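work-v5.csv follows; it contains CSV, N, CA and C atoms.
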chain,number,residue,atom,x,y,z
A,11,MET,N,-11.8,-14.2,20.3
A,11,MET,CA,-12.5,-13.0,20.6
A,11,MET,C,-11.8,-11.8,20.1
A,12,ARG,N,-10.4,-11.8,20.0
A,12,ARG,CA,-9.7,-10.7,19.5
A,12,ARG,C,-10.0,-10.4,18.0
A,13,GLY,N,-10.2,-11.5,17.3
A,13,GLY,CA,-10.4,-11.3,15.8
A,13,GLY,C,-11.8,-10.7,15.6
A,14,ASP,N,-12.7,-10.9,16.6
A,14,ASP,CA,-14.0,-10.4,16.4
A,14,ASP,C,-14.1,-8.9,16.6
A,15,VAL,N,-13.1,-8.3,17.3
A,15,VAL,CA,-13.1,-6.8,17.5
A,15,VAL,C,-13.1,-6.1,16.2
A,16,MET,N,-12.2,-6.5,15.3
A,16,MET,CA,-12.1,-5.8,14.0
A,16,MET,C,-13.3,-6.0,13.2
A,17,GLN,N,-13.9,-7.2,13.3
A,17,GLN,CA,-15.2,-7.3,12.5
A,17,GLN,C,-16.3,-6.4,13.1
A,18,TRP,N,-16.3,-6.3,14.4
A,18,TRP,CA,-17.3,-5.4,15.0
A,18,TRP,C,-17.0,-3.9,14.6
A,19,MET,N,-15.8,-3.6,14.6
A,19,MET,CA,-15.4,-2.2,14.2
A,19,MET,C,-15.9,-2.0,12.7
A,20,GLY,N,-15.7,-2.9,11.8
A,20,GLY,CA,-16.2,-2.8,10.5
A,20,GLY,C,-17.7,-2.7,10.4
A,21,ARG,N,-18.4,-3.4,11.2
A,21,ARG,CA,-19.8,-3.3,11.3
A,21,ARG,C,-20.3,-2.0,11.8
A,22,LEU,N,-19.6,-1.5,12.8
A,22,LEU,CA,-19.9,-0.2,13.4
A,22,LEU,C,-19.7,0.9,12.3
A,23,VAL,N,-18.6,0.8,11.6
A,23,VAL,CA,-18.4,1.8,10.5
A,23,VAL,C,-19.6,1.7,9.5
A,24,ALA,N,-20.0,0.5,9.2
A,24,ALA,CA,-21.1,0.4,8.2
A,24,ALA,C,-22.4,0.9,8.8
A,25,VAL,N,-22.7,0.8,10.1
A,25,VAL,CA,-23.9,1.3,10.7
A,25,VAL,C,-23.9,2.8,10.7
A,26,VAL,N,-22.7,3.4,11.1
A,26,VAL,CA,-22.6,4.8,11.1
A,26,VAL,C,-22.7,5.4,9.7
A,27,PHE,N,-22.2,4.7,8.7
A,27,PHE,CA,-22.3,5.2,7.3
A,27,PHE,C,-23.8,5.1,6.9
A,28,GLY,N,-24.5,4.1,7.2
A,28,GLY,CA,-25.9,3.9,6.8
A,28,GLY,C,-26.7,5.0,7.5
A,29,LEU,N,-26.5,5.2,8.8
A,29,LEU,CA,-27.2,6.3,9.5
A,29,LEU,C,-26.9,7.7,8.9
A,30,GLY,N,-25.7,7.9,8.6
A,30,GLY,CA,-25.3,9.2,8.0
A,30,GLY,C,-26.0,9.4,6.7
A,31,VAL,N,-26.1,8.4,5.8
A,31,VAL,CA,-26.7,8.5,4.5
A,31,VAL,C,-28.2,8.8,4.7
A,32,LEU,N,-28.8,8.0,5.7
A,32,LEU,CA,-30.3,8.3,5.9
A,32,LEU,C,-30.5,9.7,6.5
A,33,ALA,N,-29.7,10.2,7.4
A,33,ALA,CA,-29.9,11.5,7.9
A,33,ALA,C,-29.6,12.6,6.8
A,34,LEU,N,-28.7,12.3,6.0
A,34,LEU,CA,-28.4,13.3,4.9
A,34,LEU,C,-29.5,13.3,3.9
A,35,LEU,N,-30.1,12.2,3.5
A,35,LEU,CA,-31.2,12.1,2.6
A,35,LEU,C,-32.4,12.8,3.2
A,36,GLY,N,-32.6,12.6,4.5
A,36,GLY,CA,-33.8,13.2,5.2
A,36,GLY,C,-33.6,14.7,5.3
A,37,ALA,N,-32.4,15.2,5.5
A,37,ALA,CA,-32.2,16.7,5.6
A,37,ALA,C,-32.4,17.3,4.2
A,38,VAL,N,-31.9,16.6,3.2
A,38,VAL,CA,-32.1,17.1,1.8
A,38,VAL,C,-33.6,17.1,1.4
A,39,ALA,N,-34.3,16.1,1.8
A,39,ALA,CA,-35.8,16.0,1.5
A,39,ALA,C,-36.5,17.1,2.2
A,40,VAL,N,-36.2,17.4,3.5
A,40,VAL,CA,-36.9,18.4,4.2
A,40,VAL,C,-36.6,19.8,3.6
A,41,LEU,N,-35.3,20.0,3.2
A,41,LEU,CA,-35.0,21.3,2.6
A,41,LEU,C,-35.7,21.5,1.2
A,42,VAL,N,-35.8,20.4,0.5
A,42,VAL,CA,-36.4,20.5,-0.9
A,42,VAL,C,-37.9,20.8,-0.7
A,43,ARG,N,-38.5,20.1,0.3
A,43,ARG,CA,-40.0,20.3,0.5
A,43,ARG,C,-40.3,21.7,1.0
A,44,GLN,N,-39.5,22.3,1.8
A,44,GLN,CA,-39.7,23.7,2.3
A,44,GLN,C,-39.5,24.8,1.2
A,45,ALA,N,-38.7,24.5,0.2
A,45,ALA,CA,-38.4,25.5,-0.8
A,45,ALA,C,-39.5,25.5,-1.8
A,46,GLU,N,-39.6,26.7,-2.5
A,46,GLU,CA,-40.5,26.8,-3.6
A,46,GLU,C,-39.7,26.5,-4.9
A,47,GLY,N,-40.1,25.5,-5.6
A,47,GLY,CA,-39.3,25.1,-6.8
A,47,GLY,C,-38.3,24.1,-6.3
A,48,VAL,N,-37.3,23.9,-7.1
A,48,VAL,CA,-36.2,22.9,-6.8
A,48,VAL,C,-34.9,23.7,-6.6
A,49,PRO,N,-34.5,23.9,-5.3
A,49,PRO,CA,-33.3,24.6,-5.1
A,49,PRO,C,-32.1,23.8,-5.3
A,50,PRO,N,-31.1,24.3,-6.0
A,50,PRO,CA,-29.9,23.5,-6.3
A,50,PRO,C,-28.9,23.3,-5.1
A,51,TRP,N,-28.9,24.2,-4.1
A,51,TRP,CA,-27.9,24.1,-3.1
A,51,TRP,C,-28.2,22.9,-2.1
A,52,PRO,N,-29.4,22.7,-1.7
A,52,PRO,CA,-29.5,21.5,-0.8
A,52,PRO,C,-29.2,20.2,-1.5
A,53,ILE,N,-29.5,20.1,-2.7
A,53,ILE,CA,-29.2,18.9,-3.5
A,53,ILE,C,-27.7,18.8,-3.7
A,54,PHE,N,-27.1,19.9,-4.0
A,54,PHE,CA,-25.6,19.9,-4.2
A,54,PHE,C,-24.9,19.5,-2.9
A,55,LEU,N,-25.3,20.2,-1.8
A,55,LEU,CA,-24.6,19.9,-0.5
A,55,LEU,C,-24.9,18.5,-0.1
A,56,GLY,N,-26.1,18.0,-0.4
A,56,GLY,CA,-26.4,16.6,0.0
A,56,GLY,C,-25.5,15.6,-0.8
A,57,LEU,N,-25.3,15.8,-2.1
A,57,LEU,CA,-24.4,15.0,-2.8
A,57,LEU,C,-23.0,15.1,-2.3
A,58,LEU,N,-22.6,16.3,-2.0
A,58,LEU,CA,-21.2,16.5,-1.5
A,58,LEU,C,-21.0,15.8,-0.1
A,59,GLY,N,-22.1,15.9,0.7
A,59,GLY,CA,-22.0,15.2,2.0
A,59,GLY,C,-22.0,13.7,1.8
A,60,LEU,N,-22.7,13.2,0.8
A,60,LEU,CA,-22.7,11.7,0.5
A,60,LEU,C,-21.3,11.3,0.1
A,61,VAL,N,-20.7,12.1,-0.8
A,61,VAL,CA,-19.3,11.8,-1.2
A,61,VAL,C,-18.4,11.8,0.0
A,62,ALA,N,-18.5,12.7,0.9
A,62,ALA,CA,-17.6,12.8,2.0
A,62,ALA,C,-17.8,11.5,2.9
A,63,LEU,N,-19.1,11.1,3.1
A,63,LEU,CA,-19.4,9.9,3.9
A,63,LEU,C,-18.8,8.7,3.3
A,64,ILE,N,-18.9,8.6,2.0
A,64,ILE,CA,-18.3,7.4,1.3
A,64,ILE,C,-16.8,7.4,1.4
A,65,LEU,N,-16.1,8.5,1.3
A,65,LEU,CA,-14.7,8.6,1.4
A,65,LEU,C,-14.2,8.3,2.8
A,66,LEU,N,-14.9,8.8,3.8
A,66,LEU,CA,-14.6,8.5,5.2
A,66,LEU,C,-14.8,7.1,5.6
A,67,ALA,N,-15.9,6.5,5.1
A,67,ALA,CA,-16.2,5.1,5.4
A,67,ALA,C,-15.1,4.2,4.7
A,68,GLY,N,-14.8,4.5,3.5
A,68,GLY,CA,-13.8,3.8,2.8
A,68,GLY,C,-12.4,3.8,3.5
A,69,ALA,N,-12.0,5.0,4.0
A,69,ALA,CA,-10.8,5.2,4.7
A,69,ALA,C,-10.8,4.4,6.0
A,70,CYS,N,-11.9,4.4,6.7
A,70,CYS,CA,-11.9,3.6,7.9
A,70,CYS,C,-11.9,2.2,7.7
A,71,LEU,N,-12.6,1.7,6.7
A,71,LEU,CA,-12.5,0.3,6.3
A,71,LEU,C,-11.1,-0.2,5.8
A,72,ALA,N,-10.5,0.7,5.1
A,72,ALA,CA,-9.1,0.4,4.7
A,72,ALA,C,-8.2,0.3,5.8
A,73,LEU,N,-8.3,1.2,6.8
A,73,LEU,CA,-7.4,1.1,8.0
A,73,LEU,C,-7.7,-0.1,8.8
A,74,ILE,N,-8.9,-0.5,8.9
A,74,ILE,CA,-9.3,-1.7,9.6
A,74,ILE,C,-8.7,-3.0,8.9
A,75,SER,N,-8.8,-2.9,7.6
A,75,SER,CA,-8.2,-4.0,6.8
A,75,SER,C,-6.7,-4.2,7.0
A,76,ILE,N,-6.0,-3.0,7.0
A,76,ILE,CA,-4.6,-3.0,7.2
A,76,ILE,C,-4.3,-3.6,8.6
A,77,ALA,N,-5.1,-3.2,9.6
A,77,ALA,CA,-4.8,-3.7,10.9
A,77,ALA,C,-5.0,-5.2,11.0
A,78,VAL,N,-6.0,-5.7,10.4
A,78,VAL,CA,-6.3,-7.1,10.4
A,78,VAL,C,-5.2,-7.9,9.7
A,79,SER,N,-4.7,-7.4,8.6
A,79,SER,CA,-3.6,-8.0,7.9
A,79,SER,C,-2.3,-8.0,8.7
A,80,ALA,N,-2.0,-6.9,9.4
A,80,ALA,CA,-0.8,-6.8,10.2
A,80,ALA,C,-0.9,-7.8,11.4
A,81,ARG,N,-2.1,-7.9,12.0
A,81,ARG,CA,-2.3,-8.8,13.1
A,81,ARG,C,-2.1,-10.3,12.6
A,82,ARG,N,-2.6,-10.6,11.5
A,82,ARG,CA,-2.4,-12.0,10.9
A,82,ARG,C,-1.0,-12.3,10.6
A,83,GLY,N,-0.3,-11.3,10.1
A,83,GLY,CA,1.2,-11.4,9.9
A,83,GLY,C,2.0,-11.6,11.1
A,84,ALA,N,1.6,-10.9,12.2
A,84,ALA,CA,2.3,-11.0,13.5
A,84,ALA,C,2.0,-12.4,14.1
A,85,GLU,N,0.8,-12.8,14.0
A,85,GLU,CA,0.4,-14.2,14.5
A,85,GLU,C,1.2,-15.3,13.7
A,86,ALA,N,1.3,-15.1,12.4
A,86,ALA,CA,2.0,-16.1,11.6
A,86,ALA,C,3.5,-16.1,12.0
A,87,LEU,N,4.1,-15.0,12.3
A,87,LEU,CA,5.5,-14.9,12.7
A,87,LEU,C,5.7,-15.6,14.1
A,88,GLN,N,4.7,-15.4,15.0
A,88,GLN,CA,4.8,-16.0,16.3
A,88,GLN,C,4.7,-17.5,16.2
A,89,ARG,N,3.9,-18.0,15.3
A,89,ARG,CA,3.7,-19.4,15.1
A,89,ARG,C,5.0,-20.1,14.6
A,90,LEU,N,5.8,-19.3,13.9
A,90,LEU,CA,7.1,-19.8,13.4
A,90,LEU,C,8.1,-20.1,14.6
A,91,GLY,N,7.8,-19.5,15.7
A,91,GLY,CA,8.6,-19.7,16.9
A,91,GLY,C,9.9,-18.9,16.8
A,92,GLY,N,9.9,-17.8,16.2
A,92,GLY,CA,11.1,-17.0,16.2
A,92,GLY,C,12.1,-17.4,15.1
A,93,THR,N,11.9,-18.4,14.4
A,93,THR,CA,12.8,-18.8,13.3
A,93,THR,C,12.3,-18.2,12.0
A,94,LEU,N,13.2,-17.7,11.2
A,94,LEU,CA,12.8,-17.1,9.9
A,94,LEU,C,12.9,-18.1,8.8
A,95,PRO,N,12.0,-18.1,7.9
A,95,PRO,CA,12.1,-19.1,6.8
A,95,PRO,C,13.3,-18.7,5.9
A,96,ALA,N,13.8,-19.6,5.1
A,96,ALA,CA,15.0,-19.3,4.3
A,96,ALA,C,14.8,-18.1,3.3
A,97,ALA,N,13.5,-17.9,2.8
A,97,ALA,CA,13.3,-16.8,1.9
A,97,ALA,C,13.4,-15.5,2.6
A,98,VAL,N,13.1,-15.4,3.9
A,98,VAL,CA,13.1,-14.2,4.6
A,98,VAL,C,14.5,-13.9,5.2
A,99,ALA,N,15.2,-15.0,5.6
A,99,ALA,CA,16.5,-14.8,6.3
A,99,ALA,C,17.5,-14.1,5.4
A,100,GLU,N,18.3,-13.3,6.0
A,100,GLU,CA,19.4,-12.6,5.2
A,100,GLU,C,20.5,-13.6,4.9
A,101,PRO,N,20.9,-13.6,3.6
A,101,PRO,CA,22.0,-14.5,3.2
A,101,PRO,C,23.3,-14.1,3.9
A,102,GLU,N,24.2,-15.1,4.1
A,102,GLU,CA,25.5,-14.8,4.8
A,102,GLU,C,26.3,-14.0,3.8
A,103,PRO,N,27.0,-13.0,4.2
A,103,PRO,CA,27.9,-12.2,3.3
A,103,PRO,C,29.1,-13.1,2.9
A,104,GLU,N,29.4,-12.9,1.6
A,104,GLU,CA,30.5,-13.7,1.0
A,104,GLU,C,31.8,-13.0,1.4
A,105,PRO,N,32.9,-13.7,1.6
A,105,PRO,CA,34.2,-13.1,1.9
A,105,PRO,C,34.6,-12.2,0.7
A,106,VAL,N,35.4,-11.1,1.0
A,106,VAL,CA,35.7,-10.1,0.0
A,106,VAL,C,36.6,-10.7,-1.1
A,107,ALA,N,37.4,-11.7,-0.7
A,107,ALA,CA,38.3,-12.3,-1.7
A,107,ALA,C,37.6,-13.1,-2.8
A,108,GLN,N,36.4,-13.6,-2.5
A,108,GLN,CA,35.7,-14.4,-3.4
A,108,GLN,C,34.7,-13.5,-4.3
A,109,MET,N,34.5,-12.3,-3.9
A,109,MET,CA,33.6,-11.5,-4.7
A,109,MET,C,34.2,-11.1,-6.0
A,110,GLN,N,33.6,-11.4,-7.1
A,110,GLN,CA,34.1,-11.0,-8.4
A,110,GLN,C,33.0,-10.2,-9.1
A,111,GLY,N,33.3,-9.0,-9.5
A,111,GLY,CA,32.4,-8.1,-10.1
A,111,GLY,C,33.1,-6.9,-10.6
A,112,PRO,N,32.4,-6.0,-11.3
A,112,PRO,CA,33.1,-4.8,-11.9
A,112,PRO,C,33.3,-3.8,-10.8
A,113,PHE,N,32.7,-3.8,-9.6
A,113,PHE,CA,32.9,-2.8,-8.7
A,113,PHE,C,33.8,-3.1,-7.5
A,114,THR,N,34.4,-4.3,-7.6
A,114,THR,CA,35.4,-4.6,-6.6
A,114,THR,C,36.8,-4.1,-7.1
A,115,PRO,N,37.7,-3.9,-6.2
A,115,PRO,CA,39.0,-3.3,-6.6
A,115,PRO,C,39.7,-4.2,-7.7
A,116,THR,N,39.6,-5.5,-7.5
A,116,THR,CA,40.2,-6.4,-8.5
A,116,THR,C,39.4,-6.4,-9.8
A,117,GLY,N,38.1,-6.3,-9.6
A,117,GLY,CA,37.2,-6.3,-10.8
A,117,GLY,C,37.4,-5.2,-11.7
A,118,LEU,N,37.7,-4.0,-11.2
A,118,LEU,CA,37.9,-2.8,-12.0
A,118,LEU,C,39.1,-3.0,-12.9
A,119,ALA,N,40.2,-3.5,-12.4
A,119,ALA,CA,41.3,-3.7,-13.2
A,119,ALA,C,41.1,-4.8,-14.3
A,120,ASP,N,40.3,-5.8,-14.0
A,120,ASP,CA,40.0,-6.8,-15.0
A,120,ASP,C,39.1,-6.3,-16.0
A,121,ALA,N,38.2,-5.5,-15.6
A,121,ALA,CA,37.2,-5.0,-16.6
A,121,ALA,C,37.8,-4.0,-17.6
A,122,SER,N,38.8,-3.3,-17.2
A,122,SER,CA,39.4,-2.3,-18.1
A,122,SER,C,40.3,-2.9,-19.1
A,123,ALA,N,40.9,-4.1,-18.8
A,123,ALA,CA,41.8,-4.7,-19.7
A,123,ALA,C,41.0,-5.6,-20.7
A,124,ARG,N,41.2,-5.3,-22.0
A,124,ARG,CA,40.5,-6.2,-23.0
A,124,ARG,C,41.5,-7.2,-23.5
A,125,PRO,N,40.9,-8.4,-23.8
A,125,PRO,CA,41.8,-9.4,-24.3
A,125,PRO,C,42.1,-9.1,-25.8
A,126,VAL,N,43.3,-9.4,-26.2
A,126,VAL,CA,43.7,-9.1,-27.6
A,126,VAL,C,43.0,-10.2,-28.5
A,127,ARG,N,42.4,-9.7,-29.6
A,127,ARG,CA,41.8,-10.6,-30.5
A,127,ARG,C,42.8,-11.1,-31.5
A,128,PRO,N,42.7,-12.3,-31.9
A,128,PRO,CA,43.6,-12.8,-32.9
A,128,PRO,C,43.3,-12.2,-34.3
A,129,GLY,N,44.3,-11.9,-35.0
A,129,GLY,CA,44.1,-11.4,-36.4
A,129,GLY,C,44.0,-9.9,-36.4
A,130,ARG,N,44.0,-9.3,-35.3
A,130,ARG,CA,43.9,-7.8,-35.3
A,130,ARG,C,45.3,-7.2,-35.2
A,131,SER,N,45.5,-6.1,-35.9
A,131,SER,CA,46.8,-5.5,-35.8
A,131,SER,C,46.6,-4.0,-35.7
A,132,LEU,N,47.6,-3.3,-35.2
A,132,LEU,CA,47.5,-1.8,-35.1
A,132,LEU,C,47.6,-1.2,-36.5
A,133,VAL,N,46.7,-0.3,-36.8
A,133,VAL,CA,46.7,0.3,-38.1
A,133,VAL,C,47.4,1.6,-38.1
A,134,ALA,N,47.1,2.4,-37.1
A,134,ALA,CA,47.7,3.7,-37.0
A,134,ALA,C,48.1,4.1,-35.6
A,135,THR,N,49.1,5.0,-35.5
A,135,THR,CA,49.4,5.5,-34.2
A,135,THR,C,49.3,7.0,-34.2
A,136,ARG,N,49.2,7.6,-33.0
A,136,ARG,CA,49.1,9.0,-33.0
A,136,ARG,C,50.5,9.6,-32.8
Can the structure from this file be put into structure tokens for me?
Amino acid sequence: MRGDVMQWMGRLVAVVFGLGVLALLGAVAVLVRQAEGVPPWPIFLGLLGLVALILLAGACLALISIAVSARRGAEALQRLGGTLPAAVAEPEPEPVAQMQGPFTPTGLADASARPVRPGRSLVATR
């Protein structure tokens, strides 16, 4: 039943969007019929209202979709029983003595010393 609540919310957003579009089209039709000629303002405002309705309905449906995805993720984590899979679990930190890289204290000294190449000799001194 909990999963159906989000579906009903999506349907409610769709119904409100549909009613809003119908009301907006009706208002524009009434304003156009009452005017002499074709007035641009009611049509422009009707299109602007339609764009606002589309954006609001899209934002509501996006939030509902995010909520459904978050709930599914939480349910999946609960099914795991509190144990994290190996891909999600944090790796154990390595001891400092075993770390080899350019940013460790021993790695900086090793990185700055170049091995002497055979066949090379000093050409000039300052």
Inset, instruction - Would you work out the distance separating atom N of Gly56 in chain A from CA of Arg43 in chain A, expressed in Å to one decimal? - result: 14.1 Å
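We find atom N of Ala67 in chain A and CA of Gly83 in chain A to be spaced 25.2 Å apart.
If you look at CA of Ala39 in chain A and CA of Leu66 in chain A, they are 22.8 Å away from each other.
All residues in range 63-98 of chain A with a DSSP state of alpha helix (DSSP H), computed from the backbone, read A:Leu63, A:Ile64, A:Leu65, A:Leu66, A:Ala67, A:Gly68, A:Ala69, A:Cys70, A:Leu71, A:Ala72, A:Leu73, A:Ile74, A:Ser75, A:Ile76, A:Ala77, A:Val78, A:Ser79, A:Ala80, A:Arg81, A:Arg82, A:Gly83, A:Ala84, A:Glu85, A:Ala86, A:Leu87, A:Gln88, A:Arg89.
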Can you write just those residues out, N, CA and C atoms, as a PDB file, in the frame of the given file?
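Contents of the output file part25.pdb:
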ATOM      1  N   LEU A  63     -19.100  11.100   3.100  1.00  0.00           N
ATOM      2  CA  LEU A  63     -19.400   9.900   3.900  1.00  0.00           C
ATOM      3  C   LEU A  63     -18.800   8.700   3.300  1.00  0.00           C
ATOM      4  N   ILE A  64     -18.900   8.600   2.000  1.00  0.00           N
ATOM      5  CA  ILE A  64     -18.300   7.400   1.300  1.00  0.00           C
ATOM      6  C   ILE A  64     -16.800   7.400   1.400  1.00  0.00           C
ATOM      7  N   LEU A  65     -16.100   8.500   1.300  1.00  0.00           N
ATOM      8  CA  LEU A  65     -14.700   8.600   1.400  1.00  0.00           C
ATOM      9  C   LEU A  65     -14.200   8.300   2.800  1.00  0.00           C
ATOM     10  N   LEU A  66     -14.900   8.800   3.800  1.00  0.00           N
ATOM     11  CA  LEU A  66     -14.600   8.500   5.200  1.00  0.00           C
ATOM     12  C   LEU A  66     -14.800   7.100   5.600  1.00  0.00           C
ATOM     13  N   ALA A  67     -15.900   6.500   5.100  1.00  0.00           N
ATOM     14  CA  ALA A  67     -16.200   5.100   5.400  1.00  0.00           C
ATOM     15  C   ALA A  67     -15.100   4.200   4.700  1.00  0.00           C
ATOM     16  N   GLY A  68     -14.800   4.500   3.500  1.00  0.00           N
ATOM     17  CA  GLY A  68     -13.800   3.800   2.800  1.00  0.00           C
ATOM     18  C   GLY A  68     -12.400   3.800   3.500  1.00  0.00           C
ATOM     19  N   ALA A  69     -12.000   5.000   4.000  1.00  0.00           N
ATOM     20  CA  ALA A  69     -10.800   5.200   4.700  1.00  0.00           C
ATOM     21  C   ALA A  69     -10.800   4.400   6.000  1.00  0.00           C
ATOM     22  N   CYS A  70     -11.900   4.400   6.700  1.00  0.00           N
ATOM     23  CA  CYS A  70     -11.900   3.600   7.900  1.00  0.00           C
ATOM     24  C   CYS A  70     -11.900   2.200   7.700  1.00  0.00           C
ATOM     25  N   LEU A  71     -12.600   1.700   6.700  1.00  0.00           N
ATOM     26  CA  LEU A  71     -12.500   0.300   6.300  1.00  0.00           C
ATOM     27  C   LEU A  71     -11.100  -0.200   5.800  1.00  0.00           C
ATOM     28  N   ALA A  72     -10.500   0.700   5.100  1.00  0.00           N
ATOM     29  CA  ALA A  72      -9.100   0.400   4.700  1.00  0.00           C
ATOM     30  C   ALA A  72      -8.200   0.300   5.800  1.00  0.00           C
ATOM     31  N   LEU A  73      -8.300   1.200   6.800  1.00  0.00           N
ATOM     32  CA  LEU A  73      -7.400   1.100   8.000  1.00  0.00           C
ATOM     33  C   LEU A  73      -7.700  -0.100   8.800  1.00  0.00           C
ATOM     34  N   ILE A  74      -8.900  -0.500   8.900  1.00  0.00           N
ATOM     35  CA  ILE A  74      -9.300  -1.700   9.600  1.00  0.00           C
ATOM     36  C   ILE A  74      -8.700  -3.000   8.900  1.00  0.00           C
ATOM     37  N   SER A  75      -8.800  -2.900   7.600  1.00  0.00           N
ATOM     38  CA  SER A  75      -8.200  -4.000   6.800  1.00  0.00           C
ATOM     39  C   SER A  75      -6.700  -4.200   7.000  1.00  0.00           C
ATOM     40  N   ILE A  76      -6.000  -3.000   7.000  1.00  0.00           N
ATOM     41  CA  ILE A  76      -4.600  -3.000   7.200  1.00  0.00           C
ATOM     42  C   ILE A  76      -4.300  -3.600   8.600  1.00  0.00           C
ATOM     43  N   ALA A  77      -5.100  -3.200   9.600  1.00  0.00           N
ATOM     44  CA  ALA A  77      -4.800  -3.700  10.900  1.00  0.00           C
ATOM     45  C   ALA A  77      -5.000  -5.200  11.000  1.00  0.00           C
ATOM     46  N   VAL A  78      -6.000  -5.700  10.400  1.00  0.00           N
ATOM     47  CA  VAL A  78      -6.300  -7.100  10.400  1.00  0.00           C
ATOM     48  C   VAL A  78      -5.200  -7.900   9.700  1.00  0.00           C
ATOM     49  N   SER A  79      -4.700  -7.400   8.600  1.00  0.00           N
ATOM     50  CA  SER A  79      -3.600  -8.000   7.900  1.00  0.00           C
ATOM     51  C   SER A  79      -2.300  -8.000   8.700  1.00  0.00           C
ATOM     52  N   ALA A  80      -2.000  -6.900   9.400  1.00  0.00           N
ATOM     53  CA  ALA A  80      -0.800  -6.800  10.200  1.00  0.00           C
ATOM     54  C   ALA A  80      -0.900  -7.800  11.400  1.00  0.00           C
ATOM     55  N   ARG A  81      -2.100  -7.900  12.000  1.00  0.00           N
ATOM     56  CA  ARG A  81      -2.300  -8.800  13.100  1.00  0.00           C
ATOM     57  C   ARG A  81      -2.100 -10.300  12.600  1.00  0.00           C
ATOM     58  N   ARG A  82      -2.600 -10.600  11.500  1.00  0.00           N
ATOM     59  CA  ARG A  82      -2.400 -12.000  10.900  1.00  0.00           C
ATOM     60  C   ARG A  82      -1.000 -12.300  10.600  1.00  0.00           C
ATOM     61  N   GLY A  83      -0.300 -11.300  10.100  1.00  0.00           N
ATOM     62  CA  GLY A  83       1.200 -11.400   9.900  1.00  0.00           C
ATOM     63  C   GLY A  83       2.000 -11.600  11.100  1.00  0.00           C
ATOM     64  N   ALA A  84       1.600 -10.900  12.200  1.00  0.00           N
ATOM     65  CA  ALA A  84       2.300 -11.000  13.500  1.00  0.00           C
ATOM     66  C   ALA A  84       2.000 -12.400  14.100  1.00  0.00           C
ATOM     67  N   GLU A  85       0.800 -12.800  14.000  1.00  0.00           N
ATOM     68  CA  GLU A  85       0.400 -14.200  14.500  1.00  0.00           C
ATOM     69  C   GLU A  85       1.200 -15.300  13.700  1.00  0.00           C
ATOM     70  N   ALA A  86       1.300 -15.100  12.400  1.00  0.00           N
ATOM     71  CA  ALA A  86       2.000 -16.100  11.600  1.00  0.00           C
ATOM     72  C   ALA A  86       3.500 -16.100  12.000  1.00  0.00           C
ATOM     73  N   LEU A  87       4.100 -15.000  12.300  1.00  0.00           N
ATOM     74  CA  LEU A  87       5.500 -14.900  12.700  1.00  0.00           C
ATOM     75  C   LEU A  87       5.700 -15.600  14.100  1.00  0.00           C
ATOM     76  N   GLN A  88       4.700 -15.400  15.000  1.00  0.00           N
ATOM     77  CA  GLN A  88       4.800 -16.000  16.300  1.00  0.00           C
ATOM     78  C   GLN A  88       4.700 -17.500  16.200  1.00  0.00           C
ATOM     79  N   ARG A  89       3.900 -18.000  15.300  1.00  0.00           N
ATOM     80  CA  ARG A  89       3.700 -19.400  15.100  1.00  0.00           C
ATOM     81  C   ARG A  89       5.000 -20.100  14.600  1.00  0.00           C
TER      82      ARG A  89
END
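Each of A:Met19, A:Val42, A:Leu87, A:Ala134 was checked against Leu73 in chain A using only C-alpha atoms; the smallest atom-to-atom distance is that of A:Met19.
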